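Pasting run-v7.txt here (compact mmCIF, C-alpha atoms):
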# COMPACT_ATOMS: atom_id res chain seq x y z
CA MET A 28 134.50 93.00 -158.29
CA SER A 29 138.10 91.89 -157.92
CA ALA A 30 139.75 90.03 -160.78
CA SER A 31 140.19 86.87 -158.67
CA ALA A 32 136.51 86.73 -157.80
CA GLU A 33 135.44 87.60 -161.33
CA GLN A 34 137.37 84.72 -162.83
CA HIS A 35 135.27 82.34 -160.68
CA GLU A 36 131.98 84.02 -161.57
CA HIS A 37 131.03 82.84 -165.05
CA GLU A 38 127.79 83.31 -166.90
CA HIS A 39 125.00 81.03 -165.73
CA PRO A 40 123.72 78.36 -168.13
CA GLY A 41 120.74 79.04 -170.40
CA PRO A 42 117.20 77.61 -170.56
CA ALA A 43 118.29 74.64 -172.71
CA ILE A 44 120.60 73.32 -169.95
CA TYR A 45 117.97 74.04 -167.28
CA LEU A 46 115.35 72.06 -169.20
CA ARG A 47 117.71 69.11 -169.67
CA ILE A 48 118.53 69.07 -165.95
CA GLY A 49 114.79 69.30 -165.16
CA LEU A 50 114.12 66.28 -167.38
CA VAL A 51 116.89 64.29 -165.65
CA LEU A 52 115.49 65.24 -162.21
CA PHE A 53 112.01 64.11 -163.25
CA ILE A 54 113.35 60.78 -164.57
CA LEU A 55 115.36 60.20 -161.36
CA THR A 56 112.26 60.87 -159.21
CA ALA A 57 110.24 58.44 -161.33
CA ALA A 58 113.09 55.91 -160.90
CA GLU A 59 112.97 56.36 -157.10
CA VAL A 60 109.24 55.61 -156.98
CA ALA A 61 109.66 52.67 -159.41
CA VAL A 62 112.43 51.19 -157.25
CA TYR A 63 110.22 51.59 -154.15
CA GLU A 64 107.23 49.92 -155.87
CA LEU A 65 109.28 47.02 -157.21
CA ALA A 66 111.24 46.43 -154.01
CA TYR A 67 108.34 46.59 -151.56
CA HIS A 68 105.17 45.78 -153.49
CA HIS A 69 106.53 43.32 -156.06
CA ALA A 70 109.28 41.76 -153.95
CA GLY A 71 108.28 38.30 -155.20
CA SER A 72 109.03 39.13 -158.84
CA GLY A 73 112.53 38.73 -160.32
CA LEU A 74 113.57 42.40 -160.42
CA GLY A 75 111.77 43.16 -157.13
CA ALA A 76 113.62 40.36 -155.33
CA LEU A 77 116.88 41.61 -156.79
CA LEU A 78 116.25 45.22 -155.67
CA HIS A 79 114.84 44.45 -152.19
CA PRO A 80 118.17 44.00 -150.32
CA ILE A 81 119.78 47.06 -151.94
CA VAL A 82 116.82 49.43 -152.07
CA ILE A 83 118.12 51.87 -149.42
CA PRO A 84 121.57 52.41 -151.03
CA ILE A 85 119.86 52.87 -154.44
CA LEU A 86 117.41 55.46 -153.06
CA LEU A 87 120.23 57.31 -151.27
CA LEU A 88 122.33 57.31 -154.45
CA LEU A 89 119.46 58.64 -156.60
CA SER A 90 118.74 61.29 -153.96
CA ALA A 91 122.42 62.33 -153.85
CA VAL A 92 122.54 62.68 -157.66
CA LYS A 93 119.40 64.87 -157.65
CA PHE A 94 120.80 66.96 -154.78
CA ALA A 95 124.09 67.49 -156.65
CA LEU A 96 122.35 68.42 -159.93
CA VAL A 97 120.17 71.06 -158.26
CA ALA A 98 123.13 72.49 -156.31
CA MET A 99 125.50 72.55 -159.29
CA PHE A 100 123.20 73.81 -162.04
CA TYR A 101 120.14 75.50 -160.47
CA MET A 102 122.02 77.01 -157.51
CA HIS A 103 124.89 77.79 -159.93
CA LEU A 104 127.63 76.41 -157.68
CA LYS A 105 129.36 75.03 -160.79
CA GLN A 106 129.75 78.55 -162.20
CA ASP A 107 129.86 80.76 -159.08
CA SER A 108 132.71 81.43 -156.67
CA LYS A 109 134.20 78.48 -154.82
CA ILE A 110 133.61 80.41 -151.58
CA PHE A 111 129.84 79.78 -152.00
CA SER A 112 130.54 76.08 -152.62
CA GLY A 113 132.55 76.00 -149.39
CA LEU A 114 129.76 77.71 -147.43
CA PHE A 115 127.36 75.00 -148.63
CA VAL A 116 129.50 71.85 -148.82
CA ILE A 117 131.28 72.17 -145.44
CA PRO A 118 127.97 72.37 -143.45
CA ILE A 119 126.66 69.42 -145.51
CA MET A 120 129.72 67.39 -144.53
CA ILE A 121 129.20 68.34 -140.86
CA ALA A 122 125.49 67.47 -141.24
CA ALA A 123 126.34 64.04 -142.72
CA PHE A 124 128.78 63.49 -139.84
CA ILE A 125 126.10 64.43 -137.26
CA ILE A 126 123.60 62.00 -138.84
CA ALA A 127 126.17 59.17 -139.00
CA VAL A 128 127.30 59.70 -135.37
CA LEU A 129 123.74 59.85 -134.02
CA MET A 130 122.74 56.72 -135.96
CA THR A 131 125.77 54.86 -134.57
CA LEU A 132 125.13 56.10 -131.01
CA PHE A 133 121.44 55.20 -131.03
CA SER A 134 122.09 51.80 -132.67
CA TYR A 135 124.52 51.09 -129.82
CA LEU A 136 122.00 52.27 -127.19
CA TYR A 137 119.20 50.14 -128.69
CA LEU A 138 121.59 47.19 -128.73
CA LEU A 139 122.26 47.68 -124.99
CA HIS A 140 118.61 48.35 -124.14
CA PRO A 141 116.28 46.57 -126.63
CA ARG A 142 112.74 47.94 -126.71
CA PRO A 143 110.12 46.05 -124.71
CA PRO A 144 107.66 43.91 -126.68
CA ALA A 145 104.63 45.89 -127.89
CA MET B 18 124.21 86.73 -162.49
CA SER B 19 124.69 89.41 -165.15
CA GLN B 20 127.78 91.59 -165.13
CA ASP B 21 125.52 94.64 -164.58
CA ALA B 22 124.19 93.14 -161.38
CA HIS B 23 127.72 92.53 -160.11
CA ALA B 24 128.67 96.10 -160.89
CA MET B 25 125.89 97.31 -158.55
CA HIS B 26 127.40 96.11 -155.28
CA PRO B 27 130.11 98.07 -153.42
CA GLU B 28 133.68 96.76 -153.22
CA THR B 29 134.10 93.90 -150.70
CA SER B 30 137.20 92.08 -149.46
CA THR B 31 136.16 88.91 -151.31
CA GLY B 32 134.94 90.70 -154.42
CA LEU B 33 131.59 88.96 -153.92
CA ASP B 34 128.24 90.54 -153.14
CA SER B 35 127.68 90.55 -149.37
CA ARG B 36 123.98 89.74 -149.77
CA LYS B 37 124.80 86.60 -151.73
CA MET B 38 127.45 85.68 -149.16
CA ALA B 39 124.83 86.17 -146.42
CA ILE B 40 122.23 83.94 -148.07
CA TRP B 41 124.80 81.17 -148.60
CA THR B 42 125.90 81.42 -144.94
CA PHE B 43 122.24 81.23 -143.90
CA ILE B 44 121.70 78.20 -146.16
CA GLY B 45 124.77 76.56 -144.59
CA SER B 46 123.29 77.03 -141.11
CA GLU B 47 119.94 75.67 -142.33
CA CYS B 48 121.73 72.49 -143.48
CA LEU B 49 122.69 71.84 -139.85
CA PHE B 50 119.16 72.64 -138.65
CA PHE B 51 117.62 70.09 -141.02
CA ALA B 52 120.41 67.59 -140.26
CA THR B 53 119.26 67.50 -136.63
CA LEU B 54 115.62 66.99 -137.65
CA ILE B 55 116.47 64.30 -140.23
CA SER B 56 118.77 62.47 -137.80
CA THR B 57 116.04 62.58 -135.13
CA TYR B 58 113.59 61.02 -137.60
CA VAL B 59 116.14 58.39 -138.68
CA VAL B 60 117.19 57.29 -135.17
CA TYR B 61 113.53 56.94 -134.08
CA ARG B 62 112.48 55.17 -137.29
CA GLY B 63 110.76 51.87 -136.48
CA LYS B 64 110.95 52.51 -132.71
CA SER B 65 107.26 53.40 -132.12
CA LEU B 66 105.62 51.03 -129.67
CA THR B 67 102.10 51.88 -130.81
CA GLY B 68 100.61 52.66 -134.24
CA PRO B 69 99.56 53.93 -136.63
CA PHE B 70 102.76 53.06 -138.51
CA PRO B 71 104.03 54.61 -141.75
CA HIS B 72 104.19 51.50 -143.93
CA ALA B 73 102.54 48.70 -141.95
CA GLU B 74 99.01 47.91 -140.80
CA TRP B 75 98.42 48.02 -137.00
CA THR B 76 95.68 46.57 -134.82
CA SER B 77 95.15 48.45 -131.56
CA PRO B 78 94.49 46.60 -128.24
CA THR B 79 90.79 47.50 -128.70
CA GLY B 80 90.76 45.67 -132.05
CA GLN B 81 90.65 48.76 -134.25
CA VAL B 82 92.65 48.27 -137.48
CA PHE B 83 94.80 51.18 -138.72
CA GLU B 84 95.92 51.23 -142.37
CA PRO B 85 99.54 52.20 -143.26
CA ILE B 86 99.53 55.97 -142.89
CA LEU B 87 101.72 57.24 -145.74
CA GLU B 88 100.28 57.96 -149.18
CA ILE B 89 103.12 57.73 -151.66
CA LYS B 90 101.16 58.73 -154.79
CA LEU B 91 100.04 62.07 -153.34
CA VAL B 92 103.50 62.95 -152.08
CA THR B 93 105.12 61.91 -155.40
CA VAL B 94 102.94 64.54 -157.12
CA GLY B 95 104.03 67.12 -154.52
CA THR B 96 107.68 66.15 -155.02
CA ALA B 97 107.37 66.52 -158.80
CA LEU B 98 105.76 69.96 -158.33
CA LEU B 99 108.61 71.10 -156.07
CA LEU B 100 111.21 69.85 -158.59
CA PHE B 101 109.40 71.61 -161.45
CA SER B 102 109.23 74.80 -159.37
CA SER B 103 113.04 74.76 -159.09
CA LEU B 104 113.21 74.60 -162.90
CA PHE B 105 110.62 77.38 -163.24
CA VAL B 106 112.43 79.74 -160.86
CA VAL B 107 115.75 79.47 -162.75
CA LEU B 108 113.87 80.22 -165.99
CA ALA B 109 112.32 83.27 -164.26
CA LEU B 110 115.79 84.33 -163.11
CA TYR B 111 117.06 84.00 -166.68
CA GLY B 112 114.17 86.25 -167.77
CA ALA B 113 115.02 88.80 -165.04
CA GLN B 114 118.72 88.87 -165.97
CA HIS B 115 118.03 89.21 -169.71
CA ASN B 116 115.21 91.76 -169.42
CA LYS B 117 112.53 89.34 -170.68
CA ARG B 118 109.54 90.52 -168.66
CA GLY B 119 107.07 87.93 -169.97
CA MET B 120 109.44 85.10 -169.15
CA LEU B 121 110.12 86.52 -165.68
CA LEU B 122 106.47 86.99 -164.74
CA GLY B 123 105.22 83.74 -166.32
CA TRP B 124 107.79 81.40 -164.79
CA LEU B 125 107.79 83.18 -161.42
CA GLY B 126 104.00 82.91 -161.30
CA ALA B 127 104.27 79.18 -162.14
CA THR B 128 106.85 78.74 -159.34
CA ILE B 129 104.54 80.38 -156.81
CA MET B 130 101.63 78.19 -157.97
CA CYS B 131 103.74 75.04 -157.53
CA GLY B 132 104.71 76.20 -154.03
CA VAL B 133 101.07 76.87 -153.12
CA PHE B 134 100.05 73.41 -154.42
CA PHE B 135 102.84 71.77 -152.40
CA VAL B 136 101.79 73.53 -149.18
CA SER B 137 98.13 72.64 -149.89
CA MET B 138 99.16 69.01 -150.42
CA GLN B 139 100.93 69.04 -147.06
CA VAL B 140 97.96 70.63 -145.26
CA TYR B 141 95.68 67.96 -146.78
CA GLU B 142 98.15 65.22 -145.80
CA PHE B 143 98.43 66.42 -142.19
CA THR B 144 94.63 66.75 -141.83
CA HIS B 145 94.17 63.29 -143.35
CA PHE B 146 96.71 61.79 -140.91
CA VAL B 147 94.96 63.34 -137.91
CA HIS B 148 91.68 61.84 -139.11
CA LYS B 149 93.43 58.46 -139.47
CA GLY B 150 94.57 58.66 -135.83
CA LEU B 151 98.12 60.03 -136.11
CA LYS B 152 98.86 63.17 -134.11
CA LEU B 153 102.06 64.84 -132.90
CA SER B 154 101.73 63.08 -129.52
CA THR B 155 100.50 59.65 -130.77
CA ASN B 156 103.89 57.94 -131.05
CA LEU B 157 107.56 58.51 -131.92
CA PHE B 158 106.77 58.35 -135.63
CA GLY B 159 104.08 61.05 -135.31
CA ALA B 160 106.34 63.35 -133.26
CA SER B 161 109.37 63.05 -135.55
CA PHE B 162 107.33 63.04 -138.80
CA PHE B 163 105.24 66.15 -138.02
CA THR B 164 108.27 68.04 -136.68
CA LEU B 165 110.45 67.30 -139.72
CA THR B 166 107.87 67.77 -142.49
CA GLY B 167 106.15 70.61 -140.59
CA PHE B 168 109.37 72.64 -140.40
CA HIS B 169 109.98 71.95 -144.09
CA GLY B 170 106.44 73.05 -144.94
CA THR B 171 106.99 76.25 -142.95
CA HIS B 172 110.12 76.92 -145.00
CA VAL B 173 108.17 76.35 -148.23
CA THR B 174 105.48 78.78 -147.02
CA ILE B 175 108.12 81.44 -146.24
CA GLY B 176 109.63 80.81 -149.71
CA VAL B 177 106.23 81.30 -151.38
CA ILE B 178 105.74 84.62 -149.52
CA TRP B 179 109.26 85.77 -150.46
CA LEU B 180 108.79 84.84 -154.14
CA PHE B 181 105.39 86.55 -154.15
CA THR B 182 106.94 89.83 -152.93
CA VAL B 183 109.53 89.59 -155.73
CA PHE B 184 106.67 88.87 -158.18
CA LEU B 185 104.92 92.07 -157.05
CA LEU B 186 108.17 94.01 -157.58
CA ALA B 187 108.45 92.58 -161.09
CA LEU B 188 104.80 93.38 -161.78
CA ARG B 189 105.44 97.04 -160.84
CA ARG B 190 108.51 97.08 -163.15
CA LYS B 191 110.83 97.45 -160.15
CA LEU B 192 113.00 94.43 -161.01
CA PRO B 193 115.28 95.54 -163.87
CA PRO B 194 118.24 93.27 -164.87
CA GLU B 195 120.63 95.17 -162.57
CA LYS B 196 118.38 94.21 -159.63
CA ALA B 197 117.98 90.57 -160.64
CA LEU B 198 119.97 89.61 -157.54
CA ASN B 199 116.78 90.24 -155.52
CA LEU B 200 115.24 87.27 -157.34
CA GLU B 201 118.46 85.24 -157.28
CA LEU B 202 118.56 85.36 -153.45
CA ALA B 203 114.94 84.19 -153.19
CA ALA B 204 115.66 81.51 -155.83
CA LEU B 205 118.68 80.21 -153.85
CA TYR B 206 116.47 79.82 -150.76
CA TRP B 207 113.82 78.12 -152.88
CA HIS B 208 116.35 75.65 -154.33
CA PHE B 209 117.56 74.90 -150.82
CA VAL B 210 113.99 74.06 -149.75
CA ASP B 211 113.85 71.78 -152.80
CA VAL B 212 117.11 69.95 -152.02
CA VAL B 213 115.98 69.38 -148.43
CA TRP B 214 112.84 67.72 -149.81
CA ILE B 215 115.02 65.65 -152.17
CA VAL B 216 116.51 64.12 -149.00
CA ILE B 217 113.26 63.97 -146.96
CA PHE B 218 111.20 62.26 -149.69
CA PRO B 219 113.18 58.98 -149.88
CA VAL B 220 114.15 58.93 -146.19
CA VAL B 221 110.60 59.44 -144.85
CA TYR B 222 108.33 58.12 -147.59
CA LEU B 223 110.24 55.51 -149.60
CA MET B 224 112.44 53.68 -147.08
CA ASP B 225 110.20 51.02 -145.62

Kindly return the structure encoded in the file as structure tokens.
Amino acid sequence: MSASAEQHEHEHPGPAIYLRIGLVLFILTAAEVAVYELAYHHAGSGLGALLHPIVIPILLLLSAVKFALVAMFYMHLKQDSKIFSGLFVIPIMIAAFIIAVLMTLFSYLYLLHPRPPA
Amino acid sequence: MSQDAHAMHPETSTGLDSRKMAIWTFIGSECLFFATLISTYVVYRGKSLTGPFPHAEWTSPTGQVFEPILEIKLVTVGTALLLFSSLFVVLALYGAQHNKRGMLLGWLGATIMCGVFFVSMQVYEFTHFVHKGLKLSTNLFGASFFTLTGFHGTHVTIGVIWLFTVFLLALRRKLPPEKALNLELAALYWHFVDVVWIVIFPVVYLMD
């Protein structure tokens, strides 16, 4: 391995770090389900009413944090070569762009042609 | 990856193992594949003219009442299993890289079990949905839901088969630390399947 590549390839973390990340992932998943339950099934209660209008951004944020933790620590992108990060992150950015463009396009189309009543 | 494992691969222009480069390139292309499926699901969300619906009750023109189709509790268990399996496979990889055979076999076996439970959960869920009146051709929700989660389930199944072949190698003592990359490649694919589910779970099941 060349020296430049080797300086990017560090030792992977040990079981202690993996277990801590696993615990955080479990807590974040529990938080997602709790947010869903409060926002949709207890929308009349104080916290439920507070969460209801912002439930989608919260769920997307929690999902993004979990995604980043798995990619950085379990897929070792934090320690491995930046080339691997590029091969993963650039397609994700293109994917996010595709999703955003399609959502905008279809929202516009549905605005022009609303669906008939069921 | 251990230094021994790196020493195994021939010299490349990047200094990186070509097999690892290949799996990352493949994962990058898979991101775009799942982006198309997720965007299809998102743009058709709430656009079905007939039920059954994912989160709301529906009464058909004949008066038959259909309950909301999604079962969050069951899928939450499946999601937790998939997350745990990602933890288990990195522990197995640690065992493979540090010549800890018990750790390798135990955690890899646990990963495979989690994968099998997840696929079983999905088979049960799909069968249950068909019995509740939702098929691929029922409505837009059925078409986009079965396509998205079905392709993900297929990926999980392929991952289970791949991990099982690595498990057999380890069982026959053919996975020494200098060959731990064989497990690392399968583990990278497995983590990718997990991160895709991390996106699918809130988008499909939790966003009402």

List as number ranges by chain the residues having at least one atom at most 8 Å from position (112.9, 56.6, -153.6) as given in the file, counting only C-alpha atoms. A: 56, 58-63, 85-87, 89-90; B: 218-220, 222-224

What are the closest atom pairs, with distances in Å to one decimal, for each residue of range 93-171 of chain B lying within 12 Å of range 193-202 of chain B, using only C-alpha atoms, rows by chain and rising residue number, as a tab-separated table?
residue	atom	partner	partner_atom	distance
B:Ser103	CA	B:Glu201	CA	11.9
B:Val106	CA	B:Leu200	CA	8.8
B:Val107	CA	B:Glu201	CA	8.4
B:Leu108	CA	B:Glu201	CA	11.1
B:Ala109	CA	B:Leu200	CA	8.5
B:Leu110	CA	B:Glu201	CA	6.5
B:Tyr111	CA	B:Ala197	CA	9.0
B:Gly112	CA	B:Pro194	CA	8.6
B:Ala113	CA	B:Pro194	CA	5.5
B:Gln114	CA	B:Pro194	CA	4.6
B:His115	CA	B:Pro194	CA	6.3
B:Asn116	CA	B:Pro194	CA	5.7
B:Lys117	CA	B:Pro194	CA	9.0
B:Arg118	CA	B:Pro193	CA	9.0
B:Leu121	CA	B:Leu200	CA	9.8
B:Leu122	CA	B:Leu200	CA	11.5
B:Leu125	CA	B:Leu200	CA	9.4

Pull out every residue of chain B sitting within 8 Å of chain A, counting all atoms listed in the file, and send them as a ChimeraX atom specification. /B:18-19,23-24,28-29,31-33,38,41-42,44-46,48-49,52-53,55-56,59-60,64,66-67,93,97,100-101,103-104,107-108,111,204-205,208,212,215-216,219,223-225

Take CA of Tyr58 in chain B and CA of Tyr135 in chain A and report the distance between them in Å, one decimal.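 One can read the CA of Tyr58 in chain B to CA of Tyr135 in chain A distance as 16.7 Å.
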
Figure out the distance between CA of Val221 in chain B and CA of Glu84 in chain B, please, to one decimal in Å.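 Taking CA of Glu84 in chain B as the start and CA of Val221 in chain B as the end point, the length is 17.0 Å.
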
What does the distance between CA of Gly119 in chain B and CA of Phe134 in chain B come to in Å, to one decimal place?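 About the pair CA of Gly119 in chain B and CA of Phe134 in chain B: they are 22.4 Å apart.
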
Residues around (99.5, 73.0, -147.9), cut-off 12 Å, counting all atoms listed in the file - what are they as a PyMOL selection string? chain B and resi 92+95+130-145+166-167+169-174+177

Pull C-alpha atoms from the residues just selected and write them as a PDB file, in the coordinates of the input.
ATOM      1  CA  VAL B  92     103.500  62.950-152.080  1.00  0.00           C
ATOM      2  CA  GLY B  95     104.030  67.120-154.520  1.00  0.00           C
ATOM      3  CA  MET B 130     101.630  78.190-157.970  1.00  0.00           C
ATOM      4  CA  CYS B 131     103.740  75.040-157.530  1.00  0.00           C
ATOM      5  CA  GLY B 132     104.710  76.200-154.030  1.00  0.00           C
ATOM      6  CA  VAL B 133     101.070  76.870-153.120  1.00  0.00           C
ATOM      7  CA  PHE B 134     100.050  73.410-154.420  1.00  0.00           C
ATOM      8  CA  PHE B 135     102.840  71.770-152.400  1.00  0.00           C
ATOM      9  CA  VAL B 136     101.790  73.530-149.180  1.00  0.00           C
ATOM     10  CA  SER B 137      98.130  72.640-149.890  1.00  0.00           C
ATOM     11  CA  MET B 138      99.160  69.010-150.420  1.00  0.00           C
ATOM     12  CA  GLN B 139     100.930  69.040-147.060  1.00  0.00           C
ATOM     13  CA  VAL B 140      97.960  70.630-145.260  1.00  0.00           C
ATOM     14  CA  TYR B 141      95.680  67.960-146.780  1.00  0.00           C
ATOM     15  CA  GLU B 142      98.150  65.220-145.800  1.00  0.00           C
ATOM     16  CA  PHE B 143      98.430  66.420-142.190  1.00  0.00           C
ATOM     17  CA  THR B 144      94.630  66.750-141.830  1.00  0.00           C
ATOM     18  CA  HIS B 145      94.170  63.290-143.350  1.00  0.00           C
ATOM     19  CA  THR B 166     107.870  67.770-142.490  1.00  0.00           C
ATOM     20  CA  GLY B 167     106.150  70.610-140.590  1.00  0.00           C
ATOM     21  CA  HIS B 169     109.980  71.950-144.090  1.00  0.00           C
ATOM     22  CA  GLY B 170     106.440  73.050-144.940  1.00  0.00           C
ATOM     23  CA  THR B 171     106.990  76.250-142.950  1.00  0.00           C
ATOM     24  CA  HIS B 172     110.120  76.920-145.000  1.00  0.00           C
ATOM     25  CA  VAL B 173     108.170  76.350-148.230  1.00  0.00           C
ATOM     26  CA  THR B 174     105.480  78.780-147.020  1.00  0.00           C
ATOM     27  CA  VAL B 177     106.230  81.300-151.380  1.00  0.00           C
TER      28      VAL B 177
END

Nearest-residue call for Thr164 in chain B, choices B:Thr57, B:Pro27, B:Phe43, B:Leu91, using only C-alpha atoms: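 That would be B:Thr57, the residue with the smallest distance to Thr164 in chain B.
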
Would you fill out range 85-101 of chain B with N, CA and C atoms and return it as a compact mmCIF listing (two decimals), in the frame of the given file?
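File written: rebuild.txt
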# COMPACT_ATOMS: atom_id res chain seq x y z
N PRO B 85 98.26 51.46 -143.17
CA PRO B 85 99.54 52.20 -143.26
C PRO B 85 99.24 53.67 -143.56
N ILE B 86 99.95 54.56 -142.89
CA ILE B 86 99.53 55.97 -142.89
C ILE B 86 99.98 56.75 -144.13
N LEU B 87 101.17 56.41 -144.67
CA LEU B 87 101.72 57.24 -145.74
C LEU B 87 101.05 56.98 -147.09
N GLU B 88 100.88 58.07 -147.85
CA GLU B 88 100.28 57.96 -149.18
C GLU B 88 101.31 58.42 -150.21
N ILE B 89 101.97 57.43 -150.80
CA ILE B 89 103.12 57.73 -151.66
C ILE B 89 102.71 58.49 -152.92
N LYS B 90 101.56 58.10 -153.51
CA LYS B 90 101.16 58.73 -154.79
C LYS B 90 100.98 60.24 -154.63
N LEU B 91 100.29 60.64 -153.58
CA LEU B 91 100.04 62.07 -153.34
C LEU B 91 101.35 62.83 -153.17
N VAL B 92 102.25 62.25 -152.38
CA VAL B 92 103.50 62.95 -152.08
C VAL B 92 104.42 62.96 -153.31
N THR B 93 104.32 61.93 -154.16
CA THR B 93 105.12 61.91 -155.40
C THR B 93 104.72 63.10 -156.28
N VAL B 94 103.42 63.39 -156.35
CA VAL B 94 102.94 64.54 -157.12
C VAL B 94 103.52 65.83 -156.53
N GLY B 95 103.46 65.94 -155.19
CA GLY B 95 104.03 67.12 -154.52
C GLY B 95 105.52 67.27 -154.78
N THR B 96 106.24 66.13 -154.76
CA THR B 96 107.68 66.15 -155.02
C THR B 96 107.96 66.63 -156.44
N ALA B 97 107.19 66.11 -157.40
CA ALA B 97 107.37 66.52 -158.80
C ALA B 97 107.11 68.02 -158.95
N LEU B 98 106.08 68.53 -158.26
CA LEU B 98 105.76 69.96 -158.33
C LEU B 98 106.92 70.81 -157.79
N LEU B 99 107.50 70.35 -156.67
CA LEU B 99 108.61 71.10 -156.07
C LEU B 99 109.83 71.10 -157.00
N LEU B 100 110.08 69.93 -157.65
CA LEU B 100 111.21 69.85 -158.59
C LEU B 100 110.96 70.77 -159.79
N PHE B 101 109.73 70.74 -160.31
CA PHE B 101 109.40 71.61 -161.45
C PHE B 101 109.55 73.08 -161.05
